[in-house]
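**Q** Take this structure first; my questions come after.
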Protein chains: 2
Amino acid sequence: MNVNPKRFLSDLHALRQIGASGVGKGVVRPAFSEMDVAARDWLCVKFSEIGLTPYIDPVGNTFGLAEGKSILIGSHTDTQPEGGWLDGSLGVICGLELARAAMESGGPAISVVSFQDEEGRFGVTTGSALWAGTLSLDQADGLTDAQGVAFLNARNWMPNRAREFLNPNSFSSFIECHIEQGPWLHEASEKIGIVSDIVGIRDCTITFEGEQNHAGTTPMHRRKDAFQALSKFIKEVNDRFQNVVVPSTVWTTGHVDLHPNAHSIVPGRCSFSMQWRDGDRTRLDRMEEIIRETADEVATEMLMQVTIGPVLGIKPTSMDDNIQAELCYAAEDICPGKWRKMTSGALHDAANVSSLMPTAMLFVPSINGISHDFAEDTDETDLITGLQVLAKTIQQL
Amino acid sequence: MNVNPKRFLSDLHALRQIGASGVGKGVVRPAFSEMDVAARDWLCVKFSEIGLTPYIDPVGNTFGLAEGKSILIGSHTDTQPEGGWLDGSLGVICGLELARAAMESGGPAISVVSFQDEEGRFGVTTGSALWAGTLSLDQADGLTDAQGVAFLNARNWMPNRAREFLNPNSFSSFIECHIEQGPWLHEASEKIGIVSDIVGIRDCTITFEGEQNHAGTTPMHRRKDAFQALSKFIKEVNDRFQNVVVPSTVWTTGHVDLHPNAHSIVPGRCSFSMQWRDGDRTRLDRMEEIIRETADEVATEMLMQVTIGPVLGIKPTSMDDNIQAELCYAAEDICPGKWRKMTSGALHDAANVSSLMPTAMLFVPSINGISHDFAEDTDETDLITGLQVLAKTIQQL
């Protein structure tokens, strides 16, 4: 079975043009945006051309189905609000080339998938979580994005959706190829990372409600300033986490929304995101306790209301041992000594799909570890190495 | 000279309808918005009806001019993004009624003004600062609002502007009537505050630039998280201010803008407002030093860039002693024992105009001290008391 690197790269660049940012190789294609839907339409045309049957499930997960039981290869084609060209797209186009090469040269039956909203405009890896049942459709339909758009509305913008989710028994296994998004492979000049585990992640929105007032006439001791509550919360959480975390634990407040957000008004409301990741479920629990206790204490001390929204997330997950072994064998054959086993600090659709079927992941290097940014990139020779390791692996499954 | 309270309240409610928020008596009429321009058009019609000549200067300050040298009465009709019906509008409609009553019954010549952008969409009391020359037109034209709109563009949306600023020598004095916007008069059941001084204010935008990256794959010790820099800055500034401030000093971060503001991305850039107010210029200086030192230290420690935008502001200002004396005399006559002299913790156009001519201010109570909020309100009998004190005062000038 022979993959065609030139055709593979050509498809990857064609997909990049849909929502190209105008800055470097950046792409702006958030889930359910016009450009995201256009990319999925383009994929369906590609699937038809090579003999796969396009199938879009009720939440926008976009499949190209081979006949009979097949190996599923893919990732996602939605991007962050400012994203790179490879994150997600690489895994989907690997699937497209592998399915095509397998058809041409008698390889195994390969289906392809682009999951919807992996980047979490609404939830966390929303599309694959819904397929895996770790998130219910009722829950998901009530989720809203940062502008208040509901998931229920957004998914209705996708044309040609089917009424039913696919039966996962149609697939024997799932493999996701992805850029590492961290610095380790690049710094070590290695070519391939075989993922042993994916860290768990939890994510919620917290809101402090104080009292909106005039920034000149309200003395400091009479204020209920919701932004000052956030500042105090961040400092306290950072301090209290020190006794709990390990070097690989991460936590992030990436979204902040003050109301009414004007220089001369004491902010009466402050909503913000709190996200934390770790490979150990007990530690994730302990961090959640600290977050809840701290939010309550700050609110009580500053005479405010606090609400903590639903905590979305995914448990730490191990990848399938058998597929891992085949990936290691193929990597050692294609780039001897230039690969490693590693934990994924980023969340991936593979974490959800692993509850449905044997699942594995492989990484290629990210230049300087940069991702979720227009500057995200990988040497094209490394992209091809990833494709070749995959091709060798699927012939052994 | 007899003012007509019913006509005065009717005009005040008519103005409230232009940009009415739909919540209580709230008004949404930010400077240069469609509703702000509509309110100024309405004012010009009113001016013409009562025999004043409408005049809009190059930056949108809207005058109704009496013939010959006149007393100028007014304030501003623009509002905060979510504002009340009285803030600013009260002073302008007081001017309208006084000018009309003076024409009818042989009072002194009264002109009226509604200054533009008092609420600081672009700067700080932008329109009156430009007239007073404390802000140059070149500086102002480069200022942008929170959405990046330039003042130069915004002022070009105002129709019928003149090419020249008015000569301040056309006016003998300026009096501004305003709601207190603080709790003191309301809590003491007093009716009138005569302003002795207006606190000084400084305001700037500070930006930390770190590095945008993936919130799962970037270890904590390798991050340059611009929001964490803000949190650290706020804590440090709060601590360091304690040795410098007095109980009446206030400082506020009311605006925060993270980039790209997504849950799963370490924020690479964070811009925020810093505003501080005090009656003592030396203390304002010392606070500015602390802000600059702290921002630099945090940026250095966290390996980031920091930029501090232009510091806009107004010096602490004393009101004219003679007009103050007349206001006190009138207040004691109309509401004996129910008035006080006080400092204004809020900034007002009067602070700028005081450099051009003898200037004074009087306050009426704010219910529960609430302002810059849809809930802002004042008993209508208190509004009329303010108008009557003004009417008595101008007959003595």
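FYI, nothing fancy with the structure tokens labels: chains A, B, ... in order, residues from 1 per chain, ligands from 1 as they appear.
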Compile the contact shell of Leu130 of chain B as a count of residues only: residues with an atom at most 12 Å away, counting only C-alpha atoms, same-chain residues fewer than 6 positions apart removed.
**A** 26
**Q** Find the residues around Asp145 of chain A up to 10 Å (only C-alpha atoms counted), leave out those fewer than 6 positions away in its own chain, and share them as number ranges by chain.
**A** A: 120-123, 151, 154
**Q** Please identify all polymer residues within 12 Å of Val112 of chain B, counting only C-alpha atoms, omitting same-chain residues fewer than 3 positions from it, and present them as an MDAnalysis selection string.
**A** chainID B and resid 43:44 46:48 50:56 61:67 70:77 89 91:100 109 115 171 173:177
**Q** Sorted by chain and rising residue number, which residues of chain B lie within 8 Å of chain A, and what are their closest atom pairs and distances in Å to one decimal, counting only C-alpha atoms, as CSV?
**A**
residue,atom,partner,partner_atom,distance
B:Pro81,CA,A:Pro260,CA,7.4
B:Glu82,CA,A:Pro260,CA,7.4
B:Glu119,CA,A:Ser264,CA,7.9
B:Gly120,CA,A:Ser264,CA,7.9
B:Gln181,CA,A:Thr217,CA,6.2
B:Gly182,CA,A:Thr217,CA,5.0
B:Asp203,CA,A:His263,CA,7.9
B:Gln212,CA,A:Asp373,CA,7.0
B:Asn213,CA,A:Ser371,CA,6.0
B:His214,CA,A:His372,CA,5.7
B:Ala215,CA,A:Thr252,CA,6.4
B:Gly216,CA,A:Ala346,CA,4.5
B:Thr217,CA,A:Gly345,CA,4.8
B:Thr218,CA,A:Gly182,CA,6.2
B:Pro219,CA,A:Ser248,CA,6.3
B:Met220,CA,A:Val250,CA,5.9
B:Phe227,CA,A:Thr253,CA,7.5
B:Ser231,CA,A:Ser231,CA,5.2
B:Lys232,CA,A:Lys235,CA,7.5
B:Ile234,CA,A:Ser231,CA,6.9
B:Lys235,CA,A:Ser231,CA,7.1
B:Pro247,CA,A:Pro219,CA,7.4
B:Ser248,CA,A:Pro219,CA,6.3
B:Thr249,CA,A:Pro219,CA,7.4
B:Val250,CA,A:Met220,CA,6.0
B:Trp251,CA,A:Ala215,CA,7.5
B:Thr252,CA,A:Ala215,CA,6.4
B:Thr253,CA,A:His263,CA,6.7
B:Gly254,CA,A:His263,CA,4.7
B:His255,CA,A:Asn261,CA,4.4
B:Val256,CA,A:Asn261,CA,6.7
B:Asp257,CA,A:Val256,CA,7.5
B:Leu258,CA,A:Val256,CA,6.8
B:Pro260,CA,A:Pro81,CA,7.4
B:Asn261,CA,A:His255,CA,4.4
B:Ala262,CA,A:His255,CA,5.0
B:His263,CA,A:Gly254,CA,4.7
B:Ser264,CA,A:Gly254,CA,6.5
B:Ile265,CA,A:Gly254,CA,5.7
B:Val266,CA,A:Gly254,CA,5.6
B:Pro267,CA,A:Gly254,CA,5.5
B:Ser273,CA,A:His263,CA,5.8
B:Met274,CA,A:His263,CA,7.4
B:Gln275,CA,A:His263,CA,7.0
B:Arg277,CA,A:Gly216,CA,6.8
B:Ser344,CA,A:Thr217,CA,7.7
B:Gly345,CA,A:Thr217,CA,4.9
B:Ala346,CA,A:Gly216,CA,4.5
B:Leu347,CA,A:Gly216,CA,7.2
B:Ile370,CA,A:Asn213,CA,6.3
B:Ser371,CA,A:His214,CA,5.8
B:His372,CA,A:His214,CA,5.7
B:Asp373,CA,A:Asn213,CA,6.8
**Q** Residues at most 8 Å from segment 325-341 of chain B, counting only C-alpha atoms, excluding those fewer than 6 positions away in the same chain, as a PyMOL selection string?
**A** chain B and resi 189-196+362+385+388-390+392-393+396-397
**Q** Just asking: which residues within segment 33-78 of chain A are strand (DSSP E) according to DSSP, as number ranges by chain?
**A** A: 53-56, 62-65, 70-76
**Q** Given the choices A:Asp41, A:Leu86, A:Arg222, A:Arg286, which gets closest to Gln242 of chain A if the distance is worked out from only C-alpha atoms?
**A**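 Nearest to Gln242 of chain A: A:Arg286.
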**Q** Between A:Pro168, A:Gly24, A:Met304, A:Val311, which residue has the minimum interatomic distance to Ala132 of chain A, considering only C-alpha atoms?
**A**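 Among the listed residues, the smallest separation from Ala132 of chain A belongs to A:Pro168.
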**Q** Between atom CA of Met357 of chain B and atom CA of Arg281 of chain B, what is the spacing in Å?
**A**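 These two atoms are separated by 21.7 Å.
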**Q** Taking 4 positions as the minimum chain separation for residues in the same chain, which residues sit within 10 Å of Ser318 of chain A when counting only C-alpha atoms? Answer as a count of residues only.
**A** 12
**Q** For the atom pair atom CA of Val23 of chain A and atom CA of Trp85 of chain A, what is the interatomic distance in Å to one decimal place?
**A** 11.1 Å
**Q** Just give me the gap between atom CA of Gln324 of chain A and atom CA of Gly133 of chain A in Å, one decimal is fine.
**A**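 Interatomic distance here is 24.5 Å.
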**Q** Run DSSP on the backbone and tell me which residues of segment 54-234 of chain B come out as helix (DSSP H, G or I); list them as a PDB file with N, CA and C atoms, in the first residue's frame.
**A**
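New file out-v8.pdb:
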ATOM      1  N   SER B  89     -27.892  65.106  31.625  1.00  0.00           N
ATOM      2  CA  SER B  89     -29.119  65.653  31.030  1.00  0.00           C
ATOM      3  C   SER B  89     -29.775  66.685  31.949  1.00  0.00           C
ATOM      4  N   LEU B  90     -29.760  66.432  33.247  1.00  0.00           N
ATOM      5  CA  LEU B  90     -30.372  67.365  34.203  1.00  0.00           C
ATOM      6  C   LEU B  90     -29.813  68.778  34.034  1.00  0.00           C
ATOM      7  N   GLY B  91     -28.486  68.891  33.989  1.00  0.00           N
ATOM      8  CA  GLY B  91     -27.864  70.208  33.896  1.00  0.00           C
ATOM      9  C   GLY B  91     -28.209  70.930  32.606  1.00  0.00           C
ATOM     10  N   VAL B  92     -28.330  70.177  31.523  1.00  0.00           N
ATOM     11  CA  VAL B  92     -28.639  70.776  30.221  1.00  0.00           C
ATOM     12  C   VAL B  92     -30.084  71.280  30.206  1.00  0.00           C
ATOM     13  N   ILE B  93     -30.999  70.457  30.735  1.00  0.00           N
ATOM     14  CA  ILE B  93     -32.412  70.854  30.718  1.00  0.00           C
ATOM     15  C   ILE B  93     -32.675  71.971  31.739  1.00  0.00           C
ATOM     16  N   CYS B  94     -31.929  72.007  32.830  1.00  0.00           N
ATOM     17  CA  CYS B  94     -31.964  73.184  33.719  1.00  0.00           C
ATOM     18  C   CYS B  94     -31.618  74.442  32.912  1.00  0.00           C
ATOM     19  N   GLY B  95     -30.564  74.360  32.115  1.00  0.00           N
ATOM     20  CA  GLY B  95     -30.160  75.499  31.292  1.00  0.00           C
ATOM     21  C   GLY B  95     -31.260  75.919  30.338  1.00  0.00           C
ATOM     22  N   LEU B  96     -31.873  74.927  29.693  1.00  0.00           N
ATOM     23  CA  LEU B  96     -32.953  75.214  28.734  1.00  0.00           C
ATOM     24  C   LEU B  96     -34.099  75.966  29.419  1.00  0.00           C
ATOM     25  N   GLU B  97     -34.526  75.479  30.588  1.00  0.00           N
ATOM     26  CA  GLU B  97     -35.655  76.114  31.287  1.00  0.00           C
ATOM     27  C   GLU B  97     -35.277  77.509  31.796  1.00  0.00           C
ATOM     28  N   LEU B  98     -34.048  77.656  32.288  1.00  0.00           N
ATOM     29  CA  LEU B  98     -33.610  78.965  32.790  1.00  0.00           C
ATOM     30  C   LEU B  98     -33.525  79.977  31.659  1.00  0.00           C
ATOM     31  N   ALA B  99     -33.010  79.543  30.506  1.00  0.00           N
ATOM     32  CA  ALA B  99     -32.912  80.460  29.356  1.00  0.00           C
ATOM     33  C   ALA B  99     -34.301  80.903  28.921  1.00  0.00           C
ATOM     34  N   ARG B 100     -35.226  79.938  28.888  1.00  0.00           N
ATOM     35  CA  ARG B 100     -36.600  80.228  28.471  1.00  0.00           C
ATOM     36  C   ARG B 100     -37.292  81.160  29.467  1.00  0.00           C
ATOM     37  N   ALA B 101     -37.142  80.825  30.771  1.00  0.00           N
ATOM     38  CA  ALA B 101     -37.777  81.650  31.809  1.00  0.00           C
ATOM     39  C   ALA B 101     -37.192  83.065  31.809  1.00  0.00           C
ATOM     40  N   ALA B 102     -35.882  83.173  31.590  1.00  0.00           N
ATOM     41  CA  ALA B 102     -35.234  84.493  31.578  1.00  0.00           C
ATOM     42  C   ALA B 102     -35.741  85.338  30.407  1.00  0.00           C
ATOM     43  N   MET B 103     -35.902  84.678  29.243  1.00  0.00           N
ATOM     44  CA  MET B 103     -36.440  85.388  28.069  1.00  0.00           C
ATOM     45  C   MET B 103     -37.847  85.900  28.358  1.00  0.00           C
ATOM     46  N   GLU B 104     -38.652  85.065  29.003  1.00  0.00           N
ATOM     47  CA  GLU B 104     -40.057  85.401  29.246  1.00  0.00           C
ATOM     48  C   GLU B 104     -40.221  86.528  30.252  1.00  0.00           C
ATOM     49  N   SER B 105     -39.325  86.534  31.261  1.00  0.00           N
ATOM     50  CA  SER B 105     -39.583  87.466  32.367  1.00  0.00           C
ATOM     51  C   SER B 105     -38.401  88.387  32.648  1.00  0.00           C
ATOM     52  N   THR B 126     -14.028  64.668  27.245  1.00  0.00           N
ATOM     53  CA  THR B 126     -13.282  65.016  26.035  1.00  0.00           C
ATOM     54  C   THR B 126     -13.661  66.378  25.452  1.00  0.00           C
ATOM     55  N   GLY B 127     -14.973  66.632  25.296  1.00  0.00           N
ATOM     56  CA  GLY B 127     -15.415  67.854  24.614  1.00  0.00           C
ATOM     57  C   GLY B 127     -15.029  69.119  25.362  1.00  0.00           C
ATOM     58  N   SER B 128     -15.254  69.148  26.680  1.00  0.00           N
ATOM     59  CA  SER B 128     -14.923  70.367  27.438  1.00  0.00           C
ATOM     60  C   SER B 128     -13.408  70.498  27.604  1.00  0.00           C
ATOM     61  N   ALA B 129     -12.703  69.374  27.670  1.00  0.00           N
ATOM     62  CA  ALA B 129     -11.230  69.436  27.754  1.00  0.00           C
ATOM     63  C   ALA B 129     -10.651  70.055  26.484  1.00  0.00           C
ATOM     64  N   LEU B 130     -11.248  69.737  25.338  1.00  0.00           N
ATOM     65  CA  LEU B 130     -10.781  70.315  24.072  1.00  0.00           C
ATOM     66  C   LEU B 130     -11.072  71.810  24.032  1.00  0.00           C
ATOM     67  N   TRP B 131     -12.256  72.207  24.488  1.00  0.00           N
ATOM     68  CA  TRP B 131     -12.595  73.638  24.491  1.00  0.00           C
ATOM     69  C   TRP B 131     -11.642  74.392  25.412  1.00  0.00           C
ATOM     70  N   ALA B 132     -11.338  73.782  26.570  1.00  0.00           N
ATOM     71  CA  ALA B 132     -10.472  74.449  27.542  1.00  0.00           C
ATOM     72  C   ALA B 132      -9.001  74.368  27.147  1.00  0.00           C
ATOM     73  N   LEU B 137      -6.431  69.032  19.905  1.00  0.00           N
ATOM     74  CA  LEU B 137      -7.225  68.317  18.906  1.00  0.00           C
ATOM     75  C   LEU B 137      -6.404  67.194  18.264  1.00  0.00           C
ATOM     76  N   ASP B 138      -5.117  67.439  18.074  1.00  0.00           N
ATOM     77  CA  ASP B 138      -4.261  66.384  17.510  1.00  0.00           C
ATOM     78  C   ASP B 138      -4.209  65.153  18.406  1.00  0.00           C
ATOM     79  N   GLN B 139      -4.019  65.406  19.712  1.00  0.00           N
ATOM     80  CA  GLN B 139      -4.022  64.289  20.669  1.00  0.00           C
ATOM     81  C   GLN B 139      -5.354  63.549  20.628  1.00  0.00           C
ATOM     82  N   ALA B 140      -6.443  64.346  20.683  1.00  0.00           N
ATOM     83  CA  ALA B 140      -7.779  63.742  20.782  1.00  0.00           C
ATOM     84  C   ALA B 140      -8.089  62.898  19.553  1.00  0.00           C
ATOM     85  N   ASP B 141      -7.715  63.397  18.366  1.00  0.00           N
ATOM     86  CA  ASP B 141      -8.061  62.678  17.141  1.00  0.00           C
ATOM     87  C   ASP B 141      -7.448  61.285  17.099  1.00  0.00           C
ATOM     88  N   PHE B 151     -11.465  58.880  17.533  1.00  0.00           N
ATOM     89  CA  PHE B 151     -12.224  60.105  17.805  1.00  0.00           C
ATOM     90  C   PHE B 151     -12.374  60.930  16.528  1.00  0.00           C
ATOM     91  N   LEU B 152     -11.320  60.977  15.720  1.00  0.00           N
ATOM     92  CA  LEU B 152     -11.378  61.739  14.463  1.00  0.00           C
ATOM     93  C   LEU B 152     -12.540  61.281  13.590  1.00  0.00           C
ATOM     94  N   ASN B 153     -12.723  59.963  13.491  1.00  0.00           N
ATOM     95  CA  ASN B 153     -13.847  59.458  12.702  1.00  0.00           C
ATOM     96  C   ASN B 153     -15.173  59.809  13.357  1.00  0.00           C
ATOM     97  N   ALA B 154     -15.249  59.576  14.663  1.00  0.00           N
ATOM     98  CA  ALA B 154     -16.524  59.755  15.369  1.00  0.00           C
ATOM     99  C   ALA B 154     -17.013  61.192  15.239  1.00  0.00           C
ATOM    100  N   ARG B 155     -16.116  62.158  15.399  1.00  0.00           N
ATOM    101  CA  ARG B 155     -16.594  63.548  15.385  1.00  0.00           C
ATOM    102  C   ARG B 155     -17.054  63.963  13.984  1.00  0.00           C
ATOM    103  N   ASN B 156     -16.546  63.260  12.980  1.00  0.00           N
ATOM    104  CA  ASN B 156     -17.005  63.571  11.627  1.00  0.00           C
ATOM    105  C   ASN B 156     -18.417  63.057  11.346  1.00  0.00           C
ATOM    106  N   PRO B 168     -14.524  81.804  24.510  1.00  0.00           N
ATOM    107  CA  PRO B 168     -15.106  81.729  25.859  1.00  0.00           C
ATOM    108  C   PRO B 168     -15.451  83.101  26.440  1.00  0.00           C
ATOM    109  N   ASN B 169     -14.866  84.159  25.856  1.00  0.00           N
ATOM    110  CA  ASN B 169     -15.185  85.505  26.358  1.00  0.00           C
ATOM    111  C   ASN B 169     -16.632  85.906  26.100  1.00  0.00           C
ATOM    112  N   SER B 170     -17.357  85.122  25.305  1.00  0.00           N
ATOM    113  CA  SER B 170     -18.791  85.391  25.133  1.00  0.00           C
ATOM    114  C   SER B 170     -19.571  85.145  26.420  1.00  0.00           C
ATOM    115  N   TRP B 184     -24.168  60.637  49.886  1.00  0.00           N
ATOM    116  CA  TRP B 184     -24.143  61.476  51.087  1.00  0.00           C
ATOM    117  C   TRP B 184     -25.386  62.331  51.271  1.00  0.00           C
ATOM    118  N   LEU B 185     -25.846  63.073  50.257  1.00  0.00           N
ATOM    119  CA  LEU B 185     -27.044  63.921  50.401  1.00  0.00           C
ATOM    120  C   LEU B 185     -28.275  63.063  50.701  1.00  0.00           C
ATOM    121  N   HIS B 186     -28.422  61.955  49.950  1.00  0.00           N
ATOM    122  CA  HIS B 186     -29.588  61.092  50.131  1.00  0.00           C
ATOM    123  C   HIS B 186     -29.652  60.549  51.555  1.00  0.00           C
ATOM    124  N   GLU B 187     -28.507  60.080  52.060  1.00  0.00           N
ATOM    125  CA  GLU B 187     -28.504  59.485  53.399  1.00  0.00           C
ATOM    126  C   GLU B 187     -28.784  60.510  54.487  1.00  0.00           C
ATOM    127  N   MET B 220       3.419  25.359  33.064  1.00  0.00           N
ATOM    128  CA  MET B 220       3.246  26.630  33.780  1.00  0.00           C
ATOM    129  C   MET B 220       4.536  27.453  33.780  1.00  0.00           C
ATOM    130  N   HIS B 221       5.684  26.780  33.947  1.00  0.00           N
ATOM    131  CA  HIS B 221       6.929  27.534  34.106  1.00  0.00           C
ATOM    132  C   HIS B 221       7.426  28.101  32.773  1.00  0.00           C
ATOM    133  N   ARG B 222       6.835  27.680  31.652  1.00  0.00           N
ATOM    134  CA  ARG B 222       7.241  28.239  30.356  1.00  0.00           C
ATOM    135  C   ARG B 222       6.254  29.263  29.839  1.00  0.00           C
ATOM    136  N   ALA B 226      -0.439  36.791  29.901  1.00  0.00           N
ATOM    137  CA  ALA B 226      -0.671  38.225  30.112  1.00  0.00           C
ATOM    138  C   ALA B 226      -1.755  38.483  31.154  1.00  0.00           C
ATOM    139  N   PHE B 227      -2.700  37.560  31.310  1.00  0.00           N
ATOM    140  CA  PHE B 227      -3.727  37.766  32.338  1.00  0.00           C
ATOM    141  C   PHE B 227      -3.160  37.557  33.739  1.00  0.00           C
ATOM    142  N   GLN B 228      -2.256  36.582  33.884  1.00  0.00           N
ATOM    143  CA  GLN B 228      -1.612  36.385  35.185  1.00  0.00           C
ATOM    144  C   GLN B 228      -0.806  37.627  35.564  1.00  0.00           C
ATOM    145  N   ALA B 229      -0.229  38.283  34.553  1.00  0.00           N
ATOM    146  CA  ALA B 229       0.495  39.536  34.827  1.00  0.00           C
ATOM    147  C   ALA B 229      -0.456  40.593  35.379  1.00  0.00           C
ATOM    148  N   LEU B 230      -1.637  40.711  34.781  1.00  0.00           N
ATOM    149  CA  LEU B 230      -2.630  41.670  35.294  1.00  0.00           C
ATOM    150  C   LEU B 230      -2.994  41.351  36.745  1.00  0.00           C
ATOM    151  N   SER B 231      -3.254  40.077  37.039  1.00  0.00           N
ATOM    152  CA  SER B 231      -3.636  39.698  38.412  1.00  0.00           C
ATOM    153  C   SER B 231      -2.555  40.097  39.406  1.00  0.00           C
ATOM    154  N   LYS B 232      -1.327  39.827  39.033  1.00  0.00           N
ATOM    155  CA  LYS B 232      -0.209  40.157  39.913  1.00  0.00           C
ATOM    156  C   LYS B 232      -0.093  41.678  40.093  1.00  0.00           C
ATOM    157  N   PHE B 233      -0.250  42.395  38.990  1.00  0.00           N
ATOM    158  CA  PHE B 233      -0.190  43.860  39.027  1.00  0.00           C
ATOM    159  C   PHE B 233      -1.252  44.426  39.980  1.00  0.00           C
ATOM    160  N   ILE B 234      -2.473  43.934  39.877  1.00  0.00           N
ATOM    161  CA  ILE B 234      -3.577  44.447  40.710  1.00  0.00           C
ATOM    162  C   ILE B 234      -3.276  44.231  42.189  1.00  0.00           C
TER     163      ILE B 234
END
**Q** So that I can see what lies close to Pro5 of chain A, please list as a list in words the residues with an atom at most 10 Å from it, counting only C-alpha atoms and leaving out residues fewer than 2 positions away in the same chain.
**A**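 Close residues of Pro5 of chain A: Asn2, Val3, Arg7, Phe8, Leu9, Ser10, Asp11, Cys94, Glu97, Glu380, Thr381, Leu383, Ile384, Thr385, Leu387 and Gln388 of chain A.
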**Q** Might you pull out every residue within 12 Å of Thr300 of chain A, with only C-alpha atoms counted and same-chain residues fewer than 4 positions away left off, and present them as a ChimeraX atom specification?
**A** /A:208-210,224,229,233,293-296,304-306
